[in-house]
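What follows is a set of notes on a single structure, which appears directly below.
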Amino acid sequence: MPGTLYIVATPIGNLEDITLRALRILKEVDLVAAEDTRHSRKLLTHFGISKPLTSYFDHNKELKGDQILDRLREGSSVALITDAGTPCISDPGYQLVRDAVAGGISVVPIPGACAAITALSASGLPTDHFSFAGFLPNKQGKRRERLQALAGERAVLIFYESPKRLLATLEDMLATLGDREVVVARELTKMFEEFLRGTLSGLIEEVRGREVRGEVAILVTPAQEPESNDGPGMEELLQKYLASDEMSLKDAVKRVTLETGLHKSAVYAEALRIKG
């Protein structure tokens, strides 16, 4: 019989956040697949766990994925962990889980800490509808393009970001999403945990000039509902203007923005969706 692949969440900072079930599974499995074996060795040693470790990260996931699947087919049990939080959430693991499921191997989640949910729970923003967008592209052009595509979302947007890019990302959000309410959460569950709350423009001034440390989660309020009117809606107008060879996408967005009074970023995002 094939073994079991356990997806084990580990603490995002405070080691007390590991679960009793996670500790038991890590003690019982035959192999632990970790994003960074040096980092994970410290975690296992802290809890008195001695198990064989193998690396599994973005640049070796194809080779190591095959090796891990072979071990599972032979009957070994494997725990997949990342440096912090829940595996597969903006971390390696999706392909391994997909291939294990396709091969008839049992995949068992061991839930625990997740930075996105931790930040959302204490943000003070609506929690009934949210969209996790992970890390944005490093380059400004691609980053703004991605933000434009998300501008019309009627849900709280959750991003992960490097502290070195926080200011640039907030500035791009202001340019593409408008001056929305935002929460920046950093160093979650650690000694210097901090939540910054305010408008994008306000937080840009607060962050500018200060050194930001620790991984960051950014939560942005949803796009506003467009005001209802008796005239044609944004989608109908865009389809009409984009179908005409006489008007470019840029000109169509500009005209629909003027006619509807909607934010340009929301109209642009819908235009991109229509154009496919």
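If you're wondering about the labels, chains in the structure tokens are A, B, ... by order shown, residues count from 1 in each chain, ligands from 1 in order shown.
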*Skip A:Ala155 itself and residues of its chain fewer than 6 positions away, then list as a list of chain:residue names all residues within 12 Å of it, counting only C-alpha atoms.*
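The residues satisfying every condition are A:Leu125, A:Pro126, A:Thr127, A:Asp128, A:His129, A:Phe130, A:Ser131, A:Phe132, A:Ala133, A:Leu219, A:Val220, A:Thr221, A:Pro222, A:Ala223, A:Gln224, A:Glu225.
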Prev. selection, all heavy atoms, output as a CSV table (one decimal), in the first residue's frame:
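Dumped everything to out.csv:
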chain,number,residue,atom,x,y,z
A,125,LEU,N,-11.2,44.5,8.9
A,125,LEU,CA,-11.9,44.6,7.6
A,125,LEU,C,-12.9,43.5,7.5
A,125,LEU,O,-12.8,42.5,8.2
A,125,LEU,CB,-10.8,44.5,6.5
A,125,LEU,CG,-9.7,45.6,6.5
A,125,LEU,CD1,-8.8,45.4,5.3
A,125,LEU,CD2,-10.3,47.0,6.5
A,126,PRO,N,-13.8,43.6,6.6
A,126,PRO,CA,-14.8,42.5,6.4
A,126,PRO,C,-14.2,41.2,6.1
A,126,PRO,O,-13.2,41.1,5.3
A,126,PRO,CB,-15.6,43.0,5.2
A,126,PRO,CG,-15.4,44.5,5.1
A,126,PRO,CD,-14.1,44.7,5.6
A,127,THR,N,-14.7,40.1,6.7
A,127,THR,CA,-14.1,38.8,6.6
A,127,THR,C,-15.0,37.8,5.8
A,127,THR,O,-14.6,36.7,5.6
A,127,THR,CB,-13.8,38.2,8.0
A,127,THR,OG1,-15.0,38.2,8.7
A,127,THR,CG2,-12.8,39.1,8.7
A,128,ASP,N,-16.1,38.3,5.4
A,128,ASP,CA,-17.1,37.3,4.7
A,128,ASP,C,-16.7,37.1,3.3
A,128,ASP,O,-17.2,36.1,2.7
A,128,ASP,CB,-18.5,37.9,4.8
A,128,ASP,CG,-18.7,39.2,4.2
A,128,ASP,OD1,-17.7,40.0,4.2
A,128,ASP,OD2,-19.8,39.6,3.9
A,129,HIS,N,-15.9,37.9,2.7
A,129,HIS,CA,-15.6,37.8,1.3
A,129,HIS,C,-14.2,38.4,1.0
A,129,HIS,O,-14.0,39.6,1.1
A,129,HIS,CB,-16.6,38.4,0.4
A,129,HIS,CG,-16.4,38.1,-1.1
A,129,HIS,ND1,-17.0,38.9,-2.1
A,129,HIS,CD2,-15.7,37.2,-1.7
A,129,HIS,CE1,-16.7,38.4,-3.3
A,129,HIS,NE2,-15.9,37.3,-3.1
A,130,PHE,N,-13.2,37.5,0.8
A,130,PHE,CA,-11.9,38.0,0.5
A,130,PHE,C,-11.2,37.2,-0.6
A,130,PHE,O,-11.6,36.1,-0.9
A,130,PHE,CB,-11.0,37.9,1.8
A,130,PHE,CG,-10.9,36.5,2.4
A,130,PHE,CD1,-9.8,35.7,2.0
A,130,PHE,CD2,-11.8,36.1,3.3
A,130,PHE,CE1,-9.7,34.4,2.5
A,130,PHE,CE2,-11.6,34.8,3.8
A,130,PHE,CZ,-10.6,34.0,3.4
A,131,SER,N,-10.2,37.8,-1.2
A,131,SER,CA,-9.4,37.2,-2.3
A,131,SER,C,-8.0,37.3,-2.0
A,131,SER,O,-7.4,38.4,-1.8
A,131,SER,CB,-9.7,38.0,-3.6
A,131,SER,OG,-9.0,37.4,-4.7
A,132,PHE,N,-7.3,36.1,-1.9
A,132,PHE,CA,-5.9,36.0,-1.7
A,132,PHE,C,-5.1,36.1,-3.0
A,132,PHE,O,-5.3,35.2,-3.9
A,132,PHE,CB,-5.6,34.7,-0.9
A,132,PHE,CG,-4.1,34.5,-0.7
A,132,PHE,CD1,-3.4,35.4,0.2
A,132,PHE,CD2,-3.4,33.5,-1.3
A,132,PHE,CE1,-2.0,35.2,0.4
A,132,PHE,CE2,-2.1,33.3,-1.1
A,132,PHE,CZ,-1.4,34.2,-0.2
A,133,ALA,N,-4.3,37.1,-3.1
A,133,ALA,CA,-3.5,37.3,-4.4
A,133,ALA,C,-2.0,37.0,-4.2
A,133,ALA,O,-1.3,37.1,-5.2
A,133,ALA,CB,-3.7,38.8,-4.8
A,219,LEU,N,-3.6,44.2,3.3
A,219,LEU,CA,-5.0,43.9,3.1
A,219,LEU,C,-5.7,45.2,2.6
A,219,LEU,O,-5.6,46.3,3.3
A,219,LEU,CB,-5.7,43.4,4.4
A,219,LEU,CG,-5.2,42.1,4.9
A,219,LEU,CD1,-4.0,42.4,5.9
A,219,LEU,CD2,-6.2,41.3,5.6
A,220,VAL,N,-6.4,45.2,1.5
A,220,VAL,CA,-7.0,46.3,0.9
A,220,VAL,C,-8.5,46.2,0.8
A,220,VAL,O,-9.0,45.1,0.5
A,220,VAL,CB,-6.5,46.6,-0.6
A,220,VAL,CG1,-7.0,47.9,-1.2
A,220,VAL,CG2,-4.9,46.6,-0.5
A,221,THR,N,-9.3,47.2,1.1
A,221,THR,CA,-10.7,47.2,1.1
A,221,THR,C,-11.2,46.9,-0.3
A,221,THR,O,-10.6,47.3,-1.3
A,221,THR,CB,-11.3,48.5,1.7
A,221,THR,OG1,-10.7,49.6,1.0
A,221,THR,CG2,-11.1,48.6,3.2
A,222,PRO,N,-12.5,46.4,-0.4
A,222,PRO,CA,-13.0,46.1,-1.7
A,222,PRO,C,-13.3,47.3,-2.6
A,222,PRO,O,-13.4,48.4,-2.1
A,222,PRO,CB,-14.3,45.3,-1.4
A,222,PRO,CG,-14.2,44.9,0.0
A,222,PRO,CD,-13.3,46.0,0.7
A,223,ALA,N,-13.4,47.1,-3.9
A,223,ALA,CA,-13.9,48.2,-4.8
A,223,ALA,C,-15.3,48.5,-4.4
A,223,ALA,O,-16.1,47.7,-4.0
A,223,ALA,CB,-13.8,47.7,-6.2
A,224,GLN,N,-15.6,49.8,-4.6
A,224,GLN,CA,-17.0,50.3,-4.2
A,224,GLN,C,-18.0,49.8,-5.3
A,224,GLN,O,-17.6,49.7,-6.5
A,224,GLN,CB,-17.0,51.8,-4.1
A,224,GLN,CG,-16.2,52.3,-3.0
A,224,GLN,CD,-16.4,53.8,-2.9
A,224,GLN,OE1,-16.9,54.5,-3.8
A,224,GLN,NE2,-15.9,54.4,-1.8
A,225,GLU,N,-19.2,49.5,-4.9
A,225,GLU,CA,-20.3,49.2,-5.8
A,225,GLU,C,-20.6,50.4,-6.7
A,225,GLU,O,-20.7,51.5,-6.2
A,225,GLU,CB,-21.5,48.8,-5.0
A,225,GLU,CG,-21.4,47.5,-4.3
A,225,GLU,CD,-21.5,46.3,-5.2
A,225,GLU,OE1,-21.9,46.5,-6.4
A,225,GLU,OE2,-21.2,45.2,-4.8
*Just the residues within 10 Å of A:Met173, please, counting only C-alpha atoms, with nothing from its chain fewer than 6 positions along; format it as a PyMOL selection string.*
chain A and resi 143-144+147-148+151+167+179-180+182+200-201+220
How about saving the chosen residues, N, CA, C and O atoms kept, as a short mmCIF file (atom, residue, chain, number, x, y, z; two decimals), in the first residue's frame?
data_model
loop_
_atom_site.label_atom_id
_atom_site.label_comp_id
_atom_site.auth_asym_id
_atom_site.auth_seq_id
_atom_site.Cartn_x
_atom_site.Cartn_y
_atom_site.Cartn_z
N ARG A 143 3.57 44.59 -12.01
CA ARG A 143 2.85 44.74 -10.74
C ARG A 143 1.60 45.60 -10.93
O ARG A 143 0.51 45.25 -10.46
N ARG A 144 1.74 46.71 -11.64
CA ARG A 144 0.58 47.58 -11.88
C ARG A 144 -0.46 46.89 -12.77
O ARG A 144 -1.66 47.07 -12.57
N LEU A 147 -2.39 44.60 -10.54
CA LEU A 147 -3.29 45.36 -9.67
C LEU A 147 -4.48 45.89 -10.45
O LEU A 147 -5.61 45.90 -9.95
N GLN A 148 -4.26 46.34 -11.68
CA GLN A 148 -5.36 46.80 -12.52
C GLN A 148 -6.38 45.69 -12.72
O GLN A 148 -7.60 45.93 -12.70
N ALA A 151 -8.60 45.46 -9.70
CA ALA A 151 -9.20 46.70 -9.22
C ALA A 151 -10.70 46.61 -9.00
O ALA A 151 -11.24 47.28 -8.12
N LEU A 167 6.98 50.06 0.21
CA LEU A 167 6.65 51.43 -0.19
C LEU A 167 6.28 51.49 -1.67
O LEU A 167 5.26 52.11 -2.03
N ASP A 179 -7.44 55.74 -3.52
CA ASP A 179 -7.01 55.91 -2.12
C ASP A 179 -7.92 55.13 -1.18
O ASP A 179 -8.73 55.70 -0.45
N ARG A 180 -7.76 53.83 -1.17
CA ARG A 180 -8.61 52.96 -0.34
C ARG A 180 -8.06 52.80 1.07
O ARG A 180 -6.89 53.09 1.35
N VAL A 182 -6.57 50.58 3.97
CA VAL A 182 -5.63 49.46 3.87
C VAL A 182 -5.08 49.12 5.26
O VAL A 182 -5.03 49.98 6.14
N LEU A 200 -4.31 54.45 1.83
CA LEU A 200 -3.06 54.20 1.12
C LEU A 200 -2.16 55.43 1.15
O LEU A 200 -0.95 55.32 1.41
N SER A 201 -2.72 56.60 0.90
CA SER A 201 -1.91 57.82 0.90
C SER A 201 -1.31 58.08 2.27
O SER A 201 -0.15 58.49 2.40
N VAL A 220 -6.41 45.17 1.49
CA VAL A 220 -7.02 46.35 0.87
C VAL A 220 -8.53 46.18 0.80
O VAL A 220 -9.03 45.10 0.46
#
*Which residue gives the smallest distance to A:Thr199 among A:Ala217, A:Leu170, A:Val212, A:Arg41, with only C-alpha atoms counted?*
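Looking only at the distances to A:Thr199, the closest residue turns out to be A:Leu170.
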*Residue contacts of stretch 240-242 of chain A (10 Å, only C-alpha atoms) excluding same-chain residues fewer than 4 positions away, as a ChimeraX atom specification*: /A:234-236,246-253,255-256,271,274-275
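The nearest approach to A:Thr82 among the residues A:Ala113, A:Leu23, A:Met1, A:Ile49, with only C-alpha atoms taken into account, belongs to A:Ala113.
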Looking only at the backbone, which of the residues in stretch 179-249 of chain A does DSSP tag as alpha helix (DSSP H), as a short mmCIF file (atom, residue, chain, number, x, y, z; two decimals) with C-alpha atoms, in the first residue's frame?
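Okay, states-v9.cif is ready:
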data_model
loop_
_atom_site.label_atom_id
_atom_site.label_comp_id
_atom_site.auth_asym_id
_atom_site.auth_seq_id
_atom_site.Cartn_x
_atom_site.Cartn_y
_atom_site.Cartn_z
CA LEU A 200 -3.06 54.20 1.12
CA SER A 201 -1.91 57.82 0.90
CA GLY A 202 -1.60 58.05 4.68
CA LEU A 203 0.35 54.82 5.07
CA ILE A 204 2.68 55.79 2.22
CA GLU A 205 3.72 58.85 4.23
CA GLU A 206 3.99 56.78 7.41
CA VAL A 207 6.18 54.13 5.80
CA MET A 234 -20.03 49.61 -17.82
CA GLU A 235 -19.86 46.16 -19.40
CA GLU A 236 -22.40 47.01 -22.09
CA LEU A 237 -20.64 50.24 -23.00
CA LEU A 238 -17.22 48.63 -23.12
CA GLN A 239 -18.45 45.83 -25.36
CA LYS A 240 -19.99 48.41 -27.67
CA TYR A 241 -16.87 50.59 -27.93
CA LEU A 242 -14.35 47.75 -28.05
CA LEU A 249 -8.87 50.08 -25.59
#
*All strand (DSSP E or B) positions in stretch 3-238 of chain A, as number ranges by chain*: A: 4-8, 10, 31-34, 53-55, 78-81, 85, 106-110, 130-135, 156-161, 181-186, 194-199, 216-220
*Find the residues near stretch 137-142 of chain A: any atom within 12 Å, counting only C-alpha atoms, skip ones fewer than 4 places away on the same chain, and give them as a VMD selection string.*
chain A and resid 133 146 to 149 159 to 162 164 to 173 175 to 176
Filtering to C-alpha atoms, could you give me those residues as an mmCIF file, in the first residue's frame?
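Contents of the output file selection22.cif:
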data_model
loop_
_atom_site.group_PDB
_atom_site.id
_atom_site.type_symbol
_atom_site.label_atom_id
_atom_site.label_comp_id
_atom_site.auth_asym_id
_atom_site.auth_seq_id
_atom_site.Cartn_x
_atom_site.Cartn_y
_atom_site.Cartn_z
ATOM 1 C CA ALA A 133 -3.529 37.314 -4.361
ATOM 2 C CA ARG A 146 -1.784 42.752 -11.995
ATOM 3 C CA LEU A 147 -3.287 45.365 -9.671
ATOM 4 C CA GLN A 148 -5.361 46.802 -12.523
ATOM 5 C CA ALA A 149 -6.807 43.346 -13.133
ATOM 6 C CA PHE A 159 -1.209 40.266 -0.610
ATOM 7 C CA TYR A 160 2.163 39.120 0.674
ATOM 8 C CA GLU A 161 5.106 41.457 0.182
ATOM 9 C CA SER A 162 8.792 41.850 0.928
ATOM 10 C CA LYS A 164 12.014 46.113 0.750
ATOM 11 C CA ARG A 165 9.190 46.558 -1.782
ATOM 12 C CA LEU A 166 6.460 47.703 0.622
ATOM 13 C CA LEU A 167 6.651 51.428 -0.191
ATOM 14 C CA ALA A 168 6.771 50.881 -3.970
ATOM 15 C CA THR A 169 3.830 48.467 -3.793
ATOM 16 C CA LEU A 170 1.710 50.869 -1.730
ATOM 17 C CA GLU A 171 2.447 53.633 -4.251
ATOM 18 C CA ASP A 172 1.409 51.378 -7.144
ATOM 19 C CA MET A 173 -1.774 50.431 -5.268
ATOM 20 C CA ALA A 175 -2.086 54.742 -8.546
ATOM 21 C CA THR A 176 -4.182 51.776 -9.704
#
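Summary of the local environment: counting only C-alpha atoms, residues at most 8 Å from A:Val184, other than itself and those fewer than 5 positions away along its chain, are Phe195, Leu196, Arg197, Val216, Ala217, Ile218 and Leu219 of chain A.
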*If you count only C-alpha atoms, which residues fall within 7 Å of A:Ile7, apart from same-chain ones fewer than 5 positions away, as a PyMOL selection string?*
chain A and resi 79-81+87+108-110
_Restricting the calculation to only C-alpha atoms: of A:Gly233, A:Pro111, A:Gly198, A:Pro92, which residue gets closest to A:Ile25?_
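Using only C-alpha atoms, A:Ile25 sits closest to A:Pro111.
Here atom CA of A:Leu15 stands at a distance of 21.3 Å from atom CA of A:Ser55.
Residues surrounding A:Leu53 within 7 Å are A:Leu31, A:Val32, A:Ala33, A:Ala34, A:Thr37 [only C-alpha atoms; sequence separation below 5 positions excluded].
Straight-line separation from atom CA of A:Ser244 to atom CA of A:Glu259: 17.2 Å.
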*asked:* Between atom CA of A:Lys42 and atom CA of A:Phe135, what is the distance in Å, rounded to a tenth?
replied: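 Computing the Euclidean distance for atom CA of A:Lys42 and atom CA of A:Phe135 yields 26.2 Å.
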